[in-house]
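Working notes, structure below.
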Amino acid sequence: MADTVREIERKYEADDDTHLPDLAGVDRVATVEERGTDSLDALYYDTADQRLAADGVTFRRRTGGPDAGWHLKLPVEPGVREEIRAPLSDAPPPELTALVRSRTRGQDLIPLVRLRTRRTVRVLRDAAGTPLAEVAEDAVTARRVTFAAPQAAASGQATASDATGPREARWHEIEVELADAGGDATGKGGKGTGKGGNGLLDAIGRALADAGVRPASAPSKLARALTETGLRAEGAEAAGGYPAHAPSARSGGKPRTAADLVLDYAAAQVRAITALDPAVRRDLPDSVHQMRVATRRLRSAFRSYAKVLDRAVTDPIGAELKWLAGELGVGRDQEVLAERLRAGLAEVPRTLRLGPVAARLRLWSQRNRAGARDRVLAVLDDPRYLALLDRLHALLAEPPLRTAAERPASEAAARAVLKDYRRLAGRMEAALDAPAGRDRDEALHSARKAAKRTRYAAEAARPALGKPAKKFAKRIKKVQQLLGDHQDSVVARGALRDLATQAHHAGEGGFTFGLLYGREEALAAGRERDLPATWAKASRKRLRARLGA
């Protein structure tokens, strides 16, 4: 069974002559306790082209010290990582290798470097004796154990001489890590997070700076080891990650061309899908929804910016993204629907809850949700999904650019957003003119999908168009949310009709389900009444003009 801890730390350069200042009295630190010295021996694994290192992920087998075992570290934000631990074993544990599958994508994990560390630890405590942080002085020896540099390994022609530079490197460093960071696995909460934890780290950092200690230039021991043992050129990115010639690397900030804009946005969504994969596998809150959103945003961008990327390439990928979103949505949609029905039932007075309504709703929810998680996990291990990730990385590496890709980013963004807006406007007009009932429900659902696409196009345009795109996206989002709530009501009414039918066949009364059905009808009617004003505000000509109309 894997355990998870939150790691919040800062690293500093040191040498043989470095002396730690007395940290007692710094911020809330009352005492400094010497905990002793450990000898640590860690073997770091990655693909030959360093796909994990490219994303700031480390995977190691370590002996020695109080936490010997397998450690997988996933980035949360700068200076914060989730460390997932498993007991020692000869081979990498499957429960951890599954969490990096979206990054390795079928490539073997091999040992790259071995780090031996002599670690001296001091525990900083407050006046009550509670640990606040640990300060570790590390004497590190790194030695490469792989046979090749990433470029040679990727070519399949690697030899022992392909890695340049010294085979071994030595250095000293200092790590300051908050104690008991706690919190959940999404990067929120915990004693060590927030203002208090950062304030303590800042105070310790100032004390170290006054003693002549400087922040480390490398983000991790592994990153430094890869560089100093010749497995990665200094300043270079690992070959297996997002291409060094991607727009973010070329433009250095605000996108210059349409290609910069679209590929930056696409790369962000691919990164999101890749990073959310382990969160979905760990069943973290909202992870399935966020991963589904990223797939939809990417597919929408391919369609909205079809003048930039060749649809002969993006349409087949878009079809696979649609498949993935659909598979992710099976359990998610059912969960949202069940929660809506439960919330509606909770608002019904007890005197009007006739029959075993809550029990029937609970059984219905369980039956429809059964197997949903197993299905999602099966999809994430499906070769079709891994092939999709490969195709997305290949697209970023060699984008199928059209001639419009060299247009100014602002021009291409305005054209794409306004094109999607016109499509939405046509569907809104049809929906508002449709007769009440099924025809209007279907027209409003169609308009909702167009609103979502328009919103995503505007969000993608923000780096080029700035505040006007942000404001436009915000207004369109309100339209989308109103239409989405209307569609949720349509779906809920269908479910309530089925529940009432089941209750009838079982000899139970259907009064309460009928009551809930009527409430959903009233909610939908209210959304339809609110829609014209909300749409008028979002479609103001002055707002569109600021986009470049």
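FYI, nothing fancy with the structure tokens labels: chains A, B, ... in order, residues from 1 per chain, ligands from 1 as they appear.
Omitting Leu115 in chain A and its sequence neighbours fewer than 6 positions away, and counting only C-alpha atoms, the residues within 10 Å are Leu40, Asp41, Ala42, Leu43, Tyr44, Arg60, Arg62, Val140, Thr141, Ala142, Arg143, Arg144, Glu168, Ala169, Arg170, Lys221, Leu222 and Ala225 of chain A.
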With all heavy atoms kept, could you save the residues just selected as a short mmCIF file (atom, residue, chain, number, x, y, z; two decimals), in the first residue's frame?
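This is the output file again28.cif:
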```
data_model
loop_
_atom_site.label_atom_id
_atom_site.label_comp_id
_atom_site.auth_asym_id
_atom_site.auth_seq_id
_atom_site.Cartn_x
_atom_site.Cartn_y
_atom_site.Cartn_z
N LEU A 40 22.32 7.59 2.91
CA LEU A 40 21.24 7.29 1.98
C LEU A 40 21.81 6.84 0.65
O LEU A 40 22.80 7.40 0.17
CB LEU A 40 20.35 8.53 1.77
CG LEU A 40 19.90 9.27 3.03
CD1 LEU A 40 19.09 10.51 2.65
CD2 LEU A 40 19.07 8.35 3.92
N ASP A 41 21.17 5.86 0.04
CA ASP A 41 21.62 5.33 -1.25
C ASP A 41 20.39 5.23 -2.15
O ASP A 41 19.49 4.42 -1.90
CB ASP A 41 22.26 3.96 -1.06
CG ASP A 41 22.98 3.46 -2.32
OD1 ASP A 41 22.74 4.04 -3.40
OD2 ASP A 41 23.74 2.49 -2.21
N ALA A 42 20.34 6.06 -3.18
CA ALA A 42 19.14 6.14 -4.03
C ALA A 42 19.48 5.90 -5.48
O ALA A 42 20.46 6.46 -6.01
CB ALA A 42 18.46 7.50 -3.87
N LEU A 43 18.66 5.09 -6.14
CA LEU A 43 18.78 4.82 -7.56
C LEU A 43 17.58 5.46 -8.25
O LEU A 43 16.43 5.15 -7.92
CB LEU A 43 18.80 3.32 -7.81
CG LEU A 43 19.30 2.81 -9.16
CD1 LEU A 43 20.74 3.28 -9.41
CD2 LEU A 43 19.21 1.29 -9.22
N TYR A 44 17.84 6.38 -9.19
CA TYR A 44 16.78 7.13 -9.86
C TYR A 44 16.46 6.51 -11.22
O TYR A 44 17.36 6.27 -12.02
CB TYR A 44 17.20 8.59 -10.04
CG TYR A 44 17.14 9.39 -8.75
CD1 TYR A 44 18.14 9.26 -7.79
CD2 TYR A 44 16.08 10.25 -8.48
CE1 TYR A 44 18.09 9.97 -6.60
CE2 TYR A 44 16.02 10.98 -7.31
CZ TYR A 44 17.03 10.83 -6.38
OH TYR A 44 16.97 11.54 -5.20
N ARG A 60 12.44 7.01 -7.52
CA ARG A 60 13.68 6.47 -7.00
C ARG A 60 13.42 5.29 -6.05
O ARG A 60 12.34 5.16 -5.47
CB ARG A 60 14.47 7.55 -6.25
CG ARG A 60 13.86 7.93 -4.91
CD ARG A 60 14.56 9.11 -4.29
NE ARG A 60 13.95 9.47 -3.01
CZ ARG A 60 14.09 10.64 -2.42
NH1 ARG A 60 14.83 11.59 -2.97
NH2 ARG A 60 13.50 10.88 -1.25
N ARG A 62 15.24 4.02 -2.63
CA ARG A 62 16.23 4.50 -1.68
C ARG A 62 16.30 3.60 -0.46
O ARG A 62 15.28 3.16 0.07
CB ARG A 62 15.90 5.93 -1.23
CG ARG A 62 17.04 6.55 -0.42
CD ARG A 62 16.89 8.04 -0.28
NE ARG A 62 15.92 8.42 0.73
CZ ARG A 62 15.62 9.68 1.04
NH1 ARG A 62 16.20 10.68 0.36
NH2 ARG A 62 14.73 9.96 1.96
N VAL A 140 26.69 14.95 -1.24
CA VAL A 140 26.13 14.09 -2.28
C VAL A 140 27.21 13.62 -3.24
O VAL A 140 28.07 14.41 -3.67
CB VAL A 140 25.04 14.86 -3.08
CG1 VAL A 140 24.38 13.93 -4.10
CG2 VAL A 140 24.00 15.47 -2.16
N THR A 141 27.14 12.33 -3.58
CA THR A 141 27.95 11.77 -4.65
C THR A 141 27.00 11.18 -5.68
O THR A 141 26.21 10.29 -5.37
CB THR A 141 28.89 10.67 -4.14
OG1 THR A 141 29.78 11.22 -3.15
CG2 THR A 141 29.72 10.11 -5.29
N ALA A 142 27.05 11.71 -6.91
CA ALA A 142 26.18 11.23 -7.99
C ALA A 142 27.02 10.49 -9.02
O ALA A 142 28.11 10.95 -9.40
CB ALA A 142 25.47 12.41 -8.65
N ARG A 143 26.51 9.38 -9.48
CA ARG A 143 27.22 8.58 -10.47
C ARG A 143 26.21 8.07 -11.49
O ARG A 143 25.20 7.48 -11.13
CB ARG A 143 27.93 7.41 -9.80
CG ARG A 143 28.79 6.57 -10.76
CD ARG A 143 29.52 5.47 -9.99
NE ARG A 143 30.33 4.65 -10.86
CZ ARG A 143 31.56 4.94 -11.25
NH1 ARG A 143 32.13 6.06 -10.83
NH2 ARG A 143 32.25 4.13 -12.04
N ARG A 144 26.49 8.30 -12.76
CA ARG A 144 25.55 7.82 -13.77
C ARG A 144 25.71 6.30 -13.94
O ARG A 144 26.82 5.77 -13.93
CB ARG A 144 25.75 8.55 -15.09
CG ARG A 144 27.01 8.25 -15.86
CD ARG A 144 26.93 8.92 -17.25
NE ARG A 144 28.05 8.54 -18.08
CZ ARG A 144 29.12 9.29 -18.30
NH1 ARG A 144 29.20 10.47 -17.72
NH2 ARG A 144 30.10 8.87 -19.08
N GLU A 168 31.07 10.89 -12.60
CA GLU A 168 30.73 11.08 -11.19
C GLU A 168 30.82 12.55 -10.84
O GLU A 168 31.62 13.29 -11.42
CB GLU A 168 31.68 10.26 -10.31
CG GLU A 168 31.31 10.23 -8.84
CD GLU A 168 32.17 9.25 -8.08
OE1 GLU A 168 31.89 8.04 -8.16
OE2 GLU A 168 33.14 9.69 -7.43
N ALA A 169 29.97 12.99 -9.92
CA ALA A 169 29.98 14.38 -9.46
C ALA A 169 29.73 14.42 -7.96
O ALA A 169 29.05 13.54 -7.42
CB ALA A 169 28.91 15.19 -10.20
N ARG A 170 30.29 15.42 -7.30
CA ARG A 170 30.12 15.57 -5.87
C ARG A 170 29.75 17.02 -5.55
O ARG A 170 30.25 17.95 -6.20
CB ARG A 170 31.42 15.20 -5.12
CG ARG A 170 31.88 13.77 -5.31
CD ARG A 170 33.26 13.57 -4.68
NE ARG A 170 33.77 12.23 -4.93
CZ ARG A 170 33.58 11.18 -4.12
NH1 ARG A 170 32.89 11.36 -2.99
NH2 ARG A 170 34.07 9.99 -4.42
N LYS A 221 18.07 17.41 -6.63
CA LYS A 221 19.33 16.66 -6.74
C LYS A 221 19.42 15.95 -8.08
O LYS A 221 20.48 15.89 -8.70
CB LYS A 221 19.42 15.63 -5.60
CG LYS A 221 19.74 16.21 -4.22
CD LYS A 221 19.90 15.07 -3.23
CE LYS A 221 20.32 15.58 -1.85
NZ LYS A 221 19.26 16.39 -1.22
N LEU A 222 18.30 15.38 -8.52
CA LEU A 222 18.32 14.66 -9.78
C LEU A 222 18.67 15.57 -10.94
O LEU A 222 19.49 15.21 -11.80
CB LEU A 222 16.95 14.00 -10.03
CG LEU A 222 16.80 13.30 -11.38
CD1 LEU A 222 17.80 12.16 -11.51
CD2 LEU A 222 15.38 12.79 -11.57
N ALA A 225 22.29 16.21 -10.84
CA ALA A 225 23.04 15.00 -11.18
C ALA A 225 23.02 14.73 -12.69
O ALA A 225 24.04 14.35 -13.28
CB ALA A 225 22.48 13.80 -10.43
#
```
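Distance annotation: of A:Val5, A:Val32, A:Val417, A:Ala128, the residue with the minimal separation from Leu72 in chain A is A:Val5; atom set is only C-alpha atoms.
Checking A:Arg271, A:Asp374, A:Ala133, A:Asp210 one by one against Leu396 in chain A, counting only C-alpha atoms, you find the shortest gap at A:Arg271.
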Write out as JSON, numbers by chain the residues lying within 12 Å of Ala525 in chain A, counting only C-alpha atoms and excluding same-chain residues fewer than 2 positions away.
{"A": [436, 437, 440, 441, 482, 483, 485, 486, 487, 489, 490, 518, 519, 520, 521, 522, 523, 527, 528, 529, 530, 531]}
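Closest to Glu7 in chain A among A:Leu112, A:Leu389, A:Val176, A:Ala443 is A:Val176, based on only C-alpha atoms.
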Expected answer as a PyMOL selection string: alpha helix (DSSP H) residues in range 60-109 of chain A:
chain A and resi 94-97+101-104
Select, from A:Thr227, A:Lys73, A:Glu33, A:Ser287, the residue with the minimum atom-to-atom distance to Val135 in chain A, counting only C-alpha atoms.
A:Glu33
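Nearest to Ala266 in chain A of all the residues A:Arg299, A:Arg61, A:Arg282, A:Lys537 is A:Arg299, based on only C-alpha atoms.
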Could you give me, as a PDB file with N, CA, C and O atoms, in the first residue's frame, the residues within 7 Å of range 64-71 of chain A, counting only C-alpha atoms and dropping anything in the same chain fewer than 5 positions from it?
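Heads up, here's the output in selection.pdb:
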```pdb
ATOM      1  N   ASP A  38      22.539  10.173   8.637  1.00  0.00           N
ATOM      2  CA  ASP A  38      22.126   8.962   7.920  1.00  0.00           C
ATOM      3  C   ASP A  38      22.916   8.847   6.631  1.00  0.00           C
ATOM      4  O   ASP A  38      23.326   9.854   6.024  1.00  0.00           O
ATOM      5  N   SER A  39      23.100   7.602   6.193  1.00  0.00           N
ATOM      6  CA  SER A  39      23.701   7.338   4.885  1.00  0.00           C
ATOM      7  C   SER A  39      22.591   6.834   3.962  1.00  0.00           C
ATOM      8  O   SER A  39      21.983   5.791   4.207  1.00  0.00           O
ATOM      9  N   LEU A  40      22.317   7.595   2.911  1.00  0.00           N
ATOM     10  CA  LEU A  40      21.237   7.293   1.985  1.00  0.00           C
ATOM     11  C   LEU A  40      21.812   6.843   0.651  1.00  0.00           C
ATOM     12  O   LEU A  40      22.804   7.401   0.168  1.00  0.00           O
ATOM     13  N   ASP A  41      21.170   5.857   0.039  1.00  0.00           N
ATOM     14  CA  ASP A  41      21.618   5.330  -1.249  1.00  0.00           C
ATOM     15  C   ASP A  41      20.394   5.225  -2.147  1.00  0.00           C
ATOM     16  O   ASP A  41      19.490   4.416  -1.896  1.00  0.00           O
ATOM     17  N   PHE A  59      11.535   9.476  -9.625  1.00  0.00           N
ATOM     18  CA  PHE A  59      11.130   8.129  -9.231  1.00  0.00           C
ATOM     19  C   PHE A  59      12.390   7.400  -8.780  1.00  0.00           C
ATOM     20  O   PHE A  59      13.309   7.216  -9.577  1.00  0.00           O
ATOM     21  N   GLU A  83       4.827  13.342  -2.483  1.00  0.00           N
ATOM     22  CA  GLU A  83       5.698  12.176  -2.469  1.00  0.00           C
ATOM     23  C   GLU A  83       4.860  10.951  -2.109  1.00  0.00           C
ATOM     24  O   GLU A  83       4.286  10.869  -1.026  1.00  0.00           O
ATOM     25  N   ILE A  84       4.801  10.010  -3.044  1.00  0.00           N
ATOM     26  CA  ILE A  84       4.031   8.788  -2.863  1.00  0.00           C
ATOM     27  C   ILE A  84       5.024   7.662  -2.632  1.00  0.00           C
ATOM     28  O   ILE A  84       5.927   7.444  -3.442  1.00  0.00           O
ATOM     29  N   ARG A  85       4.862   6.948  -1.522  1.00  0.00           N
ATOM     30  CA  ARG A  85       5.864   5.972  -1.099  1.00  0.00           C
ATOM     31  C   ARG A  85       5.295   4.558  -1.133  1.00  0.00           C
ATOM     32  O   ARG A  85       4.119   4.340  -0.871  1.00  0.00           O
ATOM     33  N   ALA A  86       6.171   3.619  -1.450  1.00  0.00           N
ATOM     34  CA  ALA A  86       5.836   2.194  -1.410  1.00  0.00           C
ATOM     35  C   ALA A  86       6.999   1.457  -0.764  1.00  0.00           C
ATOM     36  O   ALA A  86       8.146   1.918  -0.806  1.00  0.00           O
ATOM     37  N   PRO A  87       6.740   0.295  -0.168  1.00  0.00           N
ATOM     38  CA  PRO A  87       7.810  -0.448   0.509  1.00  0.00           C
ATOM     39  C   PRO A  87       8.896  -0.893  -0.467  1.00  0.00           C
ATOM     40  O   PRO A  87       8.681  -0.977  -1.688  1.00  0.00           O
ATOM     41  N   LEU A  88      10.060  -1.188   0.090  1.00  0.00           N
ATOM     42  CA  LEU A  88      11.178  -1.668  -0.716  1.00  0.00           C
ATOM     43  C   LEU A  88      10.827  -2.970  -1.428  1.00  0.00           C
ATOM     44  O   LEU A  88      10.172  -3.849  -0.865  1.00  0.00           O
TER      45      LEU A  88
END
```
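In this model, the gap between CA of Leu23 in chain A and CA of Leu208 in chain A comes to 8.8 Å.
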Using only C-alpha atoms, find each residue in range 410-529 of chain A having at least one atom no more than 10 Å away from range 337-361 of chain A; report its shortest atom-to-atom pair and that distance in Å (one decimal), rows by chain then rising number, as a tab-separated table.
```
residue	atom	partner	partner_atom	distance
A:Asp488	CA	A:Leu337	CA	7.5
A:Ser489	CA	A:Arg340	CA	9.1
A:Val491	CA	A:Leu337	CA	7.9
A:Ala492	CA	A:Leu337	CA	6.6
A:Arg493	CA	A:Leu341	CA	9.6
A:Ala495	CA	A:Leu337	CA	8.6
A:Leu496	CA	A:Leu341	CA	8.3
A:Leu499	CA	A:Leu361	CA	7.6
A:Ala500	CA	A:Val357	CA	9.5
A:Gln502	CA	A:Arg360	CA	8.9
A:Ala503	CA	A:Arg360	CA	7.9
A:Gly507	CA	A:Gly355	CA	10.0
A:Glu508	CA	A:Gly355	CA	6.4
A:Gly509	CA	A:Gly355	CA	6.3
A:Gly510	CA	A:Leu354	CA	8.0
A:Phe511	CA	A:Leu354	CA	6.8
A:Thr512	CA	A:Arg353	CA	5.6
A:Phe513	CA	A:Val357	CA	7.8
A:Leu515	CA	A:Val348	CA	8.6
A:Leu516	CA	A:Gly344	CA	6.8
A:Tyr517	CA	A:Gly344	CA	9.8
A:Arg519	CA	A:Gly344	CA	8.4
A:Glu520	CA	A:Gly344	CA	8.7
```
Need to verify the contact set: Ala127 in chain A, 8 Å, only C-alpha atoms, exclusion of same-chain residues closer than 4 positions in sequence. Can you return it as a ChimeraX atom specification?
/A:28-31
Write to file, as a tab-separated table (two decimals), in the first residue's frame, the residues of the selection just made, with N, CA and C atoms.
```tsv
chain	number	residue	atom	x	y	z
A	28	ARG	N	9.38	31.43	14.55
A	28	ARG	CA	8.83	30.74	15.72
A	28	ARG	C	9.77	29.67	16.28
A	29	VAL	N	10.98	29.58	15.76
A	29	VAL	CA	11.91	28.54	16.18
A	29	VAL	C	12.45	28.85	17.57
A	30	ALA	N	12.23	27.90	18.51
A	30	ALA	CA	12.72	28.07	19.87
A	30	ALA	C	13.96	27.24	20.14
A	31	THR	N	13.98	26.01	19.60
A	31	THR	CA	15.13	25.13	19.82
A	31	THR	C	15.50	24.43	18.52
```
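Taking only C-alpha atoms into account, Arg51 in chain A lies nearest to A:Leu109 out of the set A:Leu465, A:Val376, A:Ala538, A:Leu109.
Excluding Ala272 in chain A and any residue on its chain fewer than 4 positions from it, the residues at most 9 Å away by only C-alpha atoms are A:Ala267, A:Ala268, A:Leu276, A:Asp277, A:Gln290, A:Met291, A:Ala294, A:Thr295.
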For the residues selected in the previous step, produce a file with C-alpha atoms as an mmCIF file, in the first residue's frame.
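Final output, result_4.cif:
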```cif
data_model
loop_
_atom_site.group_PDB
_atom_site.id
_atom_site.type_symbol
_atom_site.label_atom_id
_atom_site.label_comp_id
_atom_site.auth_asym_id
_atom_site.auth_seq_id
_atom_site.Cartn_x
_atom_site.Cartn_y
_atom_site.Cartn_z
ATOM 1 C CA ALA A 267 0.612 22.259 -25.056
ATOM 2 C CA ALA A 268 -1.039 23.526 -21.858
ATOM 3 C CA LEU A 276 -4.207 14.753 -14.192
ATOM 4 C CA ASP A 277 -3.799 11.105 -15.186
ATOM 5 C CA GLN A 290 -10.742 18.514 -14.864
ATOM 6 C CA MET A 291 -9.186 15.929 -17.166
ATOM 7 C CA ALA A 294 -8.806 19.588 -20.780
ATOM 8 C CA THR A 295 -9.715 17.083 -23.498
#
```
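By only C-alpha atoms, and with residues fewer than 2 positions from Arg296 in chain A along its chain excluded, the set lying at most 8 Å from it is Arg292, Val293, Ala294, Leu298, Arg299, Ser300, Leu321, Lys322 and Ala325 of chain A.
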Output of the above residues as a CSV table (one decimal), in the first residue's frame, restricted to all heavy atoms:
```
chain,number,residue,atom,x,y,z
A,292,ARG,N,-11.4,15.8,-18.1
A,292,ARG,CA,-12.4,15.8,-19.2
A,292,ARG,C,-12.4,17.2,-19.8
A,292,ARG,O,-12.5,17.4,-21.0
A,292,ARG,CB,-13.7,15.4,-18.6
A,292,ARG,CG,-14.8,15.2,-19.7
A,292,ARG,CD,-16.1,14.9,-19.0
A,292,ARG,NE,-17.2,14.5,-19.9
A,292,ARG,CZ,-18.5,14.5,-19.6
A,292,ARG,NH1,-18.8,14.7,-18.4
A,292,ARG,NH2,-19.4,14.1,-20.5
A,293,VAL,N,-12.4,18.2,-19.0
A,293,VAL,CA,-12.4,19.6,-19.5
A,293,VAL,C,-11.2,19.9,-20.4
A,293,VAL,O,-11.3,20.5,-21.4
A,293,VAL,CB,-12.4,20.6,-18.3
A,293,VAL,CG1,-12.1,22.0,-18.8
A,293,VAL,CG2,-13.8,20.6,-17.6
A,294,ALA,N,-10.0,19.4,-20.0
A,294,ALA,CA,-8.8,19.6,-20.8
A,294,ALA,C,-8.9,18.9,-22.2
A,294,ALA,O,-8.5,19.5,-23.2
A,294,ALA,CB,-7.6,19.0,-20.1
A,298,LEU,N,-9.0,21.1,-25.7
A,298,LEU,CA,-8.1,20.8,-26.8
A,298,LEU,C,-8.8,20.5,-28.1
A,298,LEU,O,-8.5,21.1,-29.2
A,298,LEU,CB,-7.2,19.6,-26.4
A,298,LEU,CG,-6.1,19.3,-27.4
A,298,LEU,CD1,-5.2,20.5,-27.7
A,298,LEU,CD2,-5.2,18.2,-26.8
A,299,ARG,N,-9.8,19.7,-28.0
A,299,ARG,CA,-10.6,19.4,-29.2
A,299,ARG,C,-11.3,20.6,-29.8
A,299,ARG,O,-11.3,20.9,-31.0
A,299,ARG,CB,-11.7,18.3,-28.9
A,299,ARG,CG,-12.6,18.0,-30.0
A,299,ARG,CD,-13.4,16.8,-29.7
A,299,ARG,NE,-14.4,16.4,-30.7
A,299,ARG,CZ,-15.7,16.7,-30.7
A,299,ARG,NH1,-16.2,17.3,-29.6
A,299,ARG,NH2,-16.5,16.4,-31.7
A,300,SER,N,-11.8,21.5,-28.9
A,300,SER,CA,-12.4,22.7,-29.3
A,300,SER,C,-11.4,23.6,-30.0
A,300,SER,O,-11.7,24.3,-31.0
A,300,SER,CB,-13.1,23.4,-28.1
A,300,SER,OG,-13.7,24.6,-28.5
A,321,LEU,N,-10.0,12.4,-28.9
A,321,LEU,CA,-10.3,13.2,-27.7
A,321,LEU,C,-11.8,13.1,-27.3
A,321,LEU,O,-12.1,13.1,-26.1
A,321,LEU,CB,-9.9,14.7,-28.0
A,321,LEU,CG,-8.4,14.9,-28.0
A,321,LEU,CD1,-8.1,16.3,-28.6
A,321,LEU,CD2,-7.7,14.8,-26.7
A,322,LYS,N,-12.7,13.1,-28.3
A,322,LYS,CA,-14.1,13.0,-28.0
A,322,LYS,C,-14.4,11.6,-27.3
A,322,LYS,O,-15.2,11.5,-26.4
A,322,LYS,CB,-14.9,13.1,-29.3
A,322,LYS,CG,-16.4,13.0,-29.1
A,322,LYS,CD,-17.1,13.2,-30.4
A,322,LYS,CE,-18.6,13.2,-30.2
A,322,LYS,NZ,-19.4,13.3,-31.5
A,325,ALA,N,-13.1,11.9,-23.7
A,325,ALA,CA,-14.0,12.7,-22.9
A,325,ALA,C,-15.3,11.9,-22.6
A,325,ALA,O,-15.8,12.0,-21.5
A,325,ALA,CB,-14.4,14.0,-23.6
```
Which residues in range 169-397 of chain A does DSSP call strand (DSSP E or B)? List them as a PyMOL selection string.
chain A and resi 169-178+215+257+309
